[in-house]
Amino acid sequence: MTEIEESAGQKTTEVSEDGPEESQKSESNLKRAREDDGESAAKYRKVDGEHTKVVAKHYNTLEEKGLAERNKSRIFYLRNFNNWIKSMLVNEYTTKVKDSLQVGAPLRVLDMCCGKGGDLLKWQKGGISHLICTDIAEVSIDQCRARYEALAARSKRFAPDFTAEFFVCDSTLDRLRERYRDPSVDLNLVSCQFAFHYCFESLPQAECMIRNASECLKPGGFFIGTIPDANEIMRRKKLSDSDTFGNDVYSITFQCDTENPPLFGAKYNFHLEDVVDCPEFLVHFPTLVKLARKFGLELVLRERFGDFYQRMIPRGRGLIEKMQALETYPPFYEGNLNSTTPHDYSHAQEFLDKSGSHGRYSRRLGTLSKSEWEAASLYLVFAFRKMKKVWNKEGKPEFIQ
Ligand SMILES: C[S@@+](CC[C@H](N)C(=O)[O-])C[C@H]1O[C@@H](n2cnc3c(N)ncnc32)[C@H](O)[C@@H]1O
């Protein structure tokens, strides 16, 4: 048994190395156990993720806004900024993978909780050869497939840049491998963007999702993602002294004991203007790291969005402009700012005041409104590397670096 340290005020618990049954007997509604690949006889157990249906319904009914609508959105720059973060993360890790591959070797990717396929272009740019897309929301998978087909049709080459497969599945409850066209597939990269936190509803769901991320990854391959930072959420909660806090762009309403939040099922409702309004769960990061290790994944990156931005900006400046991920302040030609909230740009004005104007032209800078930055800075990026499996003297599998 391994003990999980306390962090972000969340309760400690014990996570069994053998499986969830040791540590969460209360999950006795678990129904089935499945044989793994014959090596470890690791168990698959079925739970009823109480909230996954609510989440699926939310994303299934989310209206797809046209470009014109999106351009008017209060979170136009925030969405683009988040997209830029994902682009940089995908680029960093597809590059690492490619550097380790022999010329011409295939690069296969799983996009777990892919949504409507917002990352398809990133995969195309990453030069991958095969993509597996899965999501709990049927409507999103249909749109993702349609986008892929349009992309493939536009492709100038005779064949699409990369092949792809799509299926609807709950990654916290079901084994993805059984749904792949080729269940023996070796993956080089698994990506789960803005979605992994849904699995922290319960320990069995977290284990199921991590196993899904890990089990087909080749040693040296990566599992990358973006999730809300539980420490930052708890910090803001304490500062606000209320169970609800946020601004005109996002809000969080806790629906669990915030004095002693549980390790799993630490539920809050997350509202992000126009895009999200559903239950989410705090991800206790030390627990994630320990669970990941159990499935052969070693933490290699954990960076808050602000720090990741600072590290990436030297190489991502061009892309940030192209993607309109920052708003120009002051706006050109007497244009309007995206936010009308007072003081939402005071940081930018202060910066300009301090640095002074240059010659005839007053300086401009790229920024996010404070409200949008408060939402963006809730998140962190992570990356885990798949370790090598060896057999120890007792004939049991062990993961090594
Ligand atoms: C905020 S969206 C992110 C979509 C996409 N990854 C992106 O970055 O554009 C979260 C996605 O997670 C999916 N999702 C939530 N819970 C899931 C689960 N248990 N299994 C599979 N997909 C899930 C939702 O349907 C939704 O498409």
# chains A, B, ... in the order shown; residues from 1 in each chain; ligands from 1

call {"tool": "residues_near_ligand", "arguments": {"ligand": "ligand 1", "cutoff": "8 Å", "atoms": "only C-alpha atoms and all ligand atoms", "output": "ChimeraX atom specification"}}
result
/A:52,55-56,58-60,83,86,111-119,134-137,140,168-173,192-196,198-199,275-276

call {"tool": "write_last_selection", "arguments": {"atoms": "N, CA and C atoms", "output": "compact mmCIF listing (two decimals), in the first residue's frame"}}
result
# COMPACT_ATOMS: atom_id res chain seq x y z
N THR A 52 -20.94 11.33 -15.08
CA THR A 52 -20.50 11.29 -16.48
C THR A 52 -21.68 11.53 -17.44
N VAL A 55 -22.26 15.20 -17.64
CA VAL A 55 -21.21 15.83 -18.45
C VAL A 55 -21.49 15.55 -19.94
N ALA A 56 -21.82 14.28 -20.26
CA ALA A 56 -22.10 13.92 -21.65
C ALA A 56 -23.26 14.75 -22.19
N HIS A 58 -24.30 17.64 -21.19
CA HIS A 58 -23.89 19.04 -21.36
C HIS A 58 -23.18 19.22 -22.70
N TYR A 59 -22.19 18.35 -22.99
CA TYR A 59 -21.41 18.54 -24.22
C TYR A 59 -22.22 18.16 -25.46
N ASN A 60 -23.18 17.23 -25.30
CA ASN A 60 -24.01 16.86 -26.44
C ASN A 60 -24.94 17.99 -26.85
N ASN A 83 -5.91 27.56 -26.88
CA ASN A 83 -5.57 26.81 -28.09
C ASN A 83 -4.08 26.91 -28.40
N LYS A 86 -2.22 24.62 -26.12
CA LYS A 86 -2.29 23.23 -26.60
C LYS A 86 -1.36 23.03 -27.79
N ASP A 111 -6.29 10.76 -29.03
CA ASP A 111 -6.83 12.02 -28.49
C ASP A 111 -8.05 11.63 -27.65
N MET A 112 -7.80 11.49 -26.34
CA MET A 112 -8.83 11.02 -25.41
C MET A 112 -9.67 12.24 -24.99
N CYS A 113 -11.01 12.14 -25.11
CA CYS A 113 -11.90 13.28 -24.84
C CYS A 113 -11.61 14.38 -25.86
N CYS A 114 -11.66 13.99 -27.14
CA CYS A 114 -11.23 14.88 -28.23
C CYS A 114 -12.18 16.02 -28.51
N GLY A 115 -13.42 15.95 -27.97
CA GLY A 115 -14.40 17.00 -28.26
C GLY A 115 -14.74 17.02 -29.74
N LYS A 116 -14.93 18.24 -30.27
CA LYS A 116 -15.36 18.39 -31.66
C LYS A 116 -14.19 18.34 -32.64
N GLY A 117 -13.02 18.02 -32.14
CA GLY A 117 -11.87 17.89 -33.05
C GLY A 117 -11.08 19.18 -33.18
N GLY A 118 -11.10 20.00 -32.14
CA GLY A 118 -10.39 21.27 -32.16
C GLY A 118 -8.89 21.11 -32.32
N ASP A 119 -8.37 19.91 -32.12
CA ASP A 119 -6.92 19.73 -32.21
C ASP A 119 -6.47 19.03 -33.50
N THR A 134 -11.61 9.74 -29.39
CA THR A 134 -12.73 9.22 -28.62
C THR A 134 -13.25 10.28 -27.65
N ASP A 135 -14.57 10.22 -27.42
CA ASP A 135 -15.20 11.18 -26.52
C ASP A 135 -16.51 10.56 -26.04
N ILE A 136 -16.98 11.03 -24.89
CA ILE A 136 -18.23 10.51 -24.35
C ILE A 136 -19.44 11.09 -25.09
N ALA A 137 -19.25 12.24 -25.73
CA ALA A 137 -20.38 12.93 -26.38
C ALA A 137 -20.46 12.55 -27.86
N SER A 140 -20.29 15.37 -30.42
CA SER A 140 -18.93 15.87 -30.63
C SER A 140 -18.15 14.94 -31.56
N VAL A 168 -17.40 6.64 -29.76
CA VAL A 168 -17.96 7.23 -28.54
C VAL A 168 -17.66 6.27 -27.39
N CYS A 169 -17.13 6.80 -26.30
CA CYS A 169 -16.77 5.93 -25.19
C CYS A 169 -16.54 6.76 -23.94
N ASP A 170 -16.86 6.20 -22.78
CA ASP A 170 -16.55 6.86 -21.52
C ASP A 170 -15.18 6.38 -21.07
N SER A 171 -14.21 7.26 -21.15
CA SER A 171 -12.82 6.85 -20.84
C SER A 171 -12.60 6.58 -19.37
N THR A 172 -13.56 6.94 -18.53
CA THR A 172 -13.41 6.69 -17.09
C THR A 172 -14.04 5.36 -16.69
N LEU A 173 -14.78 4.75 -17.63
CA LEU A 173 -15.48 3.51 -17.28
C LEU A 173 -15.14 2.34 -18.19
N CYS A 192 -4.90 14.36 -23.60
CA CYS A 192 -6.22 14.54 -22.98
C CYS A 192 -6.31 16.01 -22.55
N GLN A 193 -6.98 16.82 -23.35
CA GLN A 193 -6.95 18.27 -23.13
C GLN A 193 -8.25 18.76 -22.49
N PHE A 194 -8.09 19.46 -21.37
CA PHE A 194 -9.21 20.06 -20.65
C PHE A 194 -10.28 19.03 -20.28
N ALA A 195 -9.90 17.83 -19.95
CA ALA A 195 -10.90 16.81 -19.68
C ALA A 195 -10.49 15.77 -18.63
N PHE A 196 -9.20 15.64 -18.36
CA PHE A 196 -8.77 14.54 -17.50
C PHE A 196 -9.40 14.61 -16.11
N TYR A 198 -12.27 15.05 -15.14
CA TYR A 198 -13.57 14.39 -14.94
C TYR A 198 -13.41 13.03 -14.28
N CYS A 199 -12.25 12.41 -14.46
CA CYS A 199 -12.08 11.05 -13.92
C CYS A 199 -11.84 11.04 -12.41
N VAL A 275 -19.20 28.23 -22.80
CA VAL A 275 -18.58 26.96 -23.16
C VAL A 275 -18.82 25.81 -22.17
N VAL A 276 -18.64 26.07 -20.90
CA VAL A 276 -18.75 24.97 -19.93
C VAL A 276 -19.70 25.35 -18.81

call {"tool": "residues_around", "arguments": {"residues": "Trp123 in chain A", "least_positions_apart": "5", "cutoff": "10 Å", "atoms": "only C-alpha atoms", "output": "number ranges by chain"}}
result
A: 87, 90-91, 94, 109, 111, 118, 128-131, 161-162

call {"tool": "atom_distance", "arguments": {"atom1": "CA of Arg235 in chain A", "atom2": "CA of Thr258 in chain A"}}
result
11.3 Å

call {"tool": "select_by_dssp", "arguments": {"residues": "range 163-297 of chain A", "states": "strand (DSSP E or B)", "output": "short mmCIF file (atom, residue, chain, number, x, y, z; two decimals) with N, CA and C atoms, in the first residue's frame"}}
result
data_model
loop_
_atom_site.label_atom_id
_atom_site.label_comp_id
_atom_site.auth_asym_id
_atom_site.auth_seq_id
_atom_site.Cartn_x
_atom_site.Cartn_y
_atom_site.Cartn_z
N THR A 163 -4.33 8.81 -41.14
CA THR A 163 -5.57 8.04 -41.05
C THR A 163 -6.17 8.28 -39.66
N ALA A 164 -7.46 7.99 -39.52
CA ALA A 164 -8.09 8.26 -38.22
C ALA A 164 -9.25 7.30 -37.97
N GLU A 165 -9.53 7.08 -36.70
CA GLU A 165 -10.71 6.30 -36.31
C GLU A 165 -11.41 7.04 -35.16
N PHE A 166 -12.70 6.83 -35.04
CA PHE A 166 -13.50 7.60 -34.08
C PHE A 166 -14.47 6.68 -33.37
N PHE A 167 -14.63 6.86 -32.08
CA PHE A 167 -15.72 6.15 -31.40
C PHE A 167 -16.13 6.86 -30.12
N VAL A 168 -17.40 6.64 -29.76
CA VAL A 168 -17.96 7.23 -28.54
C VAL A 168 -17.66 6.27 -27.39
N LEU A 187 1.00 3.02 -29.30
CA LEU A 187 0.83 4.47 -29.44
C LEU A 187 2.12 5.18 -29.04
N ASN A 188 2.36 6.33 -29.66
CA ASN A 188 3.53 7.14 -29.30
C ASN A 188 3.16 8.30 -28.39
N LEU A 189 1.88 8.72 -28.49
CA LEU A 189 1.45 9.89 -27.73
C LEU A 189 -0.03 9.76 -27.38
N VAL A 190 -0.36 10.11 -26.14
CA VAL A 190 -1.77 10.18 -25.72
C VAL A 190 -2.01 11.60 -25.22
N SER A 191 -3.10 12.20 -25.69
CA SER A 191 -3.38 13.58 -25.30
C SER A 191 -4.77 13.65 -24.70
N CYS A 192 -4.90 14.36 -23.60
CA CYS A 192 -6.22 14.54 -22.98
C CYS A 192 -6.31 16.01 -22.55
N GLN A 193 -6.98 16.82 -23.35
CA GLN A 193 -6.95 18.27 -23.13
C GLN A 193 -8.25 18.76 -22.49
N LEU A 217 0.68 2.75 -24.71
CA LEU A 217 1.82 3.63 -25.00
C LEU A 217 3.11 2.83 -25.07
N LYS A 218 3.93 3.13 -26.05
CA LYS A 218 5.26 2.49 -26.14
C LYS A 218 6.17 3.08 -25.07
N PRO A 219 7.10 2.34 -24.54
CA PRO A 219 8.07 2.94 -23.62
C PRO A 219 8.73 4.14 -24.30
N GLY A 220 8.86 5.23 -23.55
CA GLY A 220 9.41 6.45 -24.14
C GLY A 220 8.33 7.37 -24.72
N GLY A 221 7.11 6.83 -24.90
CA GLY A 221 5.99 7.66 -25.39
C GLY A 221 5.47 8.56 -24.28
N PHE A 222 4.61 9.51 -24.63
CA PHE A 222 4.17 10.50 -23.64
C PHE A 222 2.65 10.57 -23.52
N PHE A 223 2.22 10.89 -22.29
CA PHE A 223 0.81 11.22 -22.01
C PHE A 223 0.80 12.69 -21.61
N ILE A 224 0.13 13.53 -22.43
CA ILE A 224 0.14 14.98 -22.15
C ILE A 224 -1.29 15.48 -21.92
N GLY A 225 -1.42 16.59 -21.19
CA GLY A 225 -2.76 17.11 -20.95
C GLY A 225 -2.76 18.46 -20.27
N THR A 226 -3.98 18.97 -20.11
CA THR A 226 -4.21 20.25 -19.42
C THR A 226 -5.37 20.04 -18.45
N ILE A 227 -5.17 20.48 -17.19
CA ILE A 227 -6.23 20.32 -16.18
C ILE A 227 -6.24 21.55 -15.26
N PRO A 228 -7.36 21.78 -14.58
CA PRO A 228 -7.35 22.84 -13.58
C PRO A 228 -6.40 22.48 -12.44
N THR A 244 -18.63 30.02 -3.53
CA THR A 244 -18.71 30.46 -4.94
C THR A 244 -17.77 31.63 -5.15
N PHE A 245 -17.00 31.55 -6.21
CA PHE A 245 -16.12 32.67 -6.53
C PHE A 245 -15.85 32.67 -8.03
N GLY A 246 -15.27 33.75 -8.53
CA GLY A 246 -14.98 33.86 -9.96
C GLY A 246 -15.10 35.30 -10.41
N TYR A 250 -15.65 33.39 -15.60
CA TYR A 250 -15.76 32.03 -15.06
C TYR A 250 -16.30 32.08 -13.63
N SER A 251 -16.91 30.98 -13.20
CA SER A 251 -17.23 30.87 -11.77
C SER A 251 -17.13 29.42 -11.33
N ILE A 252 -16.80 29.25 -10.05
CA ILE A 252 -16.68 27.93 -9.45
C ILE A 252 -17.59 27.90 -8.23
N THR A 253 -18.41 26.87 -8.13
CA THR A 253 -19.26 26.71 -6.95
C THR A 253 -18.98 25.33 -6.37
N PHE A 254 -18.43 25.33 -5.16
CA PHE A 254 -18.09 24.05 -4.54
C PHE A 254 -19.34 23.29 -4.11
N LYS A 267 -16.11 17.73 -5.60
CA LYS A 267 -16.89 18.25 -6.72
C LYS A 267 -17.15 19.75 -6.64
N TYR A 268 -17.07 20.40 -7.81
CA TYR A 268 -17.49 21.80 -7.92
C TYR A 268 -18.15 21.97 -9.27
N ASN A 269 -19.01 22.97 -9.37
CA ASN A 269 -19.59 23.26 -10.67
C ASN A 269 -18.73 24.33 -11.33
N PHE A 270 -18.33 24.08 -12.56
CA PHE A 270 -17.50 25.05 -13.27
C PHE A 270 -18.32 25.69 -14.37
N HIS A 271 -18.31 27.00 -14.36
CA HIS A 271 -19.02 27.73 -15.42
C HIS A 271 -18.01 28.59 -16.16
N LEU A 272 -17.92 28.40 -17.46
CA LEU A 272 -17.09 29.26 -18.29
C LEU A 272 -18.00 29.81 -19.38
N VAL A 276 -18.64 26.07 -20.90
CA VAL A 276 -18.75 24.97 -19.93
C VAL A 276 -19.70 25.35 -18.81
N ASP A 277 -20.50 24.39 -18.39
CA ASP A 277 -21.34 24.56 -17.21
C ASP A 277 -21.68 23.17 -16.69
N CYS A 278 -20.76 22.55 -15.99
CA CYS A 278 -21.02 21.19 -15.51
C CYS A 278 -20.10 20.82 -14.35
N PRO A 279 -20.43 19.70 -13.69
CA PRO A 279 -19.61 19.30 -12.54
C PRO A 279 -18.20 18.87 -12.94
N GLU A 280 -17.25 19.28 -12.13
CA GLU A 280 -15.85 18.86 -12.33
C GLU A 280 -15.30 18.43 -10.97
N PHE A 281 -14.09 17.88 -10.97
CA PHE A 281 -13.51 17.35 -9.73
C PHE A 281 -12.07 17.81 -9.58
N LEU A 297 3.75 5.28 -15.69
CA LEU A 297 3.94 6.64 -16.22
C LEU A 297 4.69 7.50 -15.22
#

call {"tool": "residues_around", "arguments": {"residues": "range 332-348 of chain A", "least_positions_apart": "5", "cutoff": "8 Å", "atoms": "only C-alpha atoms", "output": "number ranges by chain"}}
result
A: 74, 327, 365, 367-371

call {"tool": "write_last_selection", "arguments": {"atoms": "N, CA and C atoms", "output": "tab-separated table (two decimals), in the first residue's frame"}}
result
chain	number	residue	atom	x	y	z
A	74	ARG	N	-17.10	36.89	-25.53
A	74	ARG	CA	-16.40	37.54	-24.42
A	74	ARG	C	-15.08	36.83	-24.11
A	327	GLU	N	-4.86	40.06	-26.98
A	327	GLU	CA	-5.60	41.22	-27.48
A	327	GLU	C	-4.66	42.42	-27.53
A	365	LEU	N	0.63	46.70	-26.80
A	365	LEU	CA	1.10	45.39	-26.38
A	365	LEU	C	0.00	44.35	-26.52
A	367	THR	N	-2.10	41.39	-24.77
A	367	THR	CA	-2.45	41.01	-23.40
A	367	THR	C	-3.77	40.24	-23.38
A	368	LEU	N	-4.13	39.80	-22.19
A	368	LEU	CA	-5.48	39.26	-21.97
A	368	LEU	C	-6.14	40.16	-20.94
A	369	SER	N	-7.45	40.34	-21.02
A	369	SER	CA	-8.14	41.09	-19.97
A	369	SER	C	-7.91	40.34	-18.66
A	370	LYS	N	-7.98	41.08	-17.54
A	370	LYS	CA	-7.73	40.43	-16.24
A	370	LYS	C	-8.69	39.26	-16.03
A	371	SER	N	-9.96	39.44	-16.40
A	371	SER	CA	-10.94	38.37	-16.17
A	371	SER	C	-10.56	37.11	-16.93

call {"tool": "closest_residue", "arguments": {"among": "A:Ile141, A:Ala150, A:Ala325, A:Leu352", "to": "Leu78 in chain A", "atoms": "only C-alpha atoms"}}
result
A:Ala325

call {"tool": "residues_around", "arguments": {"residues": "Ile75 in chain A", "least_positions_apart": "4", "cutoff": "8 Å", "atoms": "only C-alpha atoms", "output": "list in words"}}
result
Arg79, Val249, Glu273 and Glu372 of chain A

call {"tool": "atom_distance", "arguments": {"atom1": "CA of Glu207 in chain A", "atom2": "CA of Leu176 in chain A"}}
result
13.0 Å

call {"tool": "atom_distance", "arguments": {"atom1": "CA of Arg145 in chain A", "atom2": "CA of Cys133 in chain A"}}
result
8.6 Å

call {"tool": "select_by_dssp", "arguments": {"residues": "range 249-399 of chain A", "states": "helix (DSSP H, G or I)", "output": "number ranges by chain"}}
result
A: 285-294, 305-322, 332-334, 346-355, 370-376

call {"tool": "residues_around", "arguments": {"residues": "Tyr148 in chain A", "least_positions_apart": "4", "cutoff": "9 Å", "atoms": "only C-alpha atoms", "output": "number ranges by chain"}}
result
A: 117, 120, 143-144, 152-153, 164
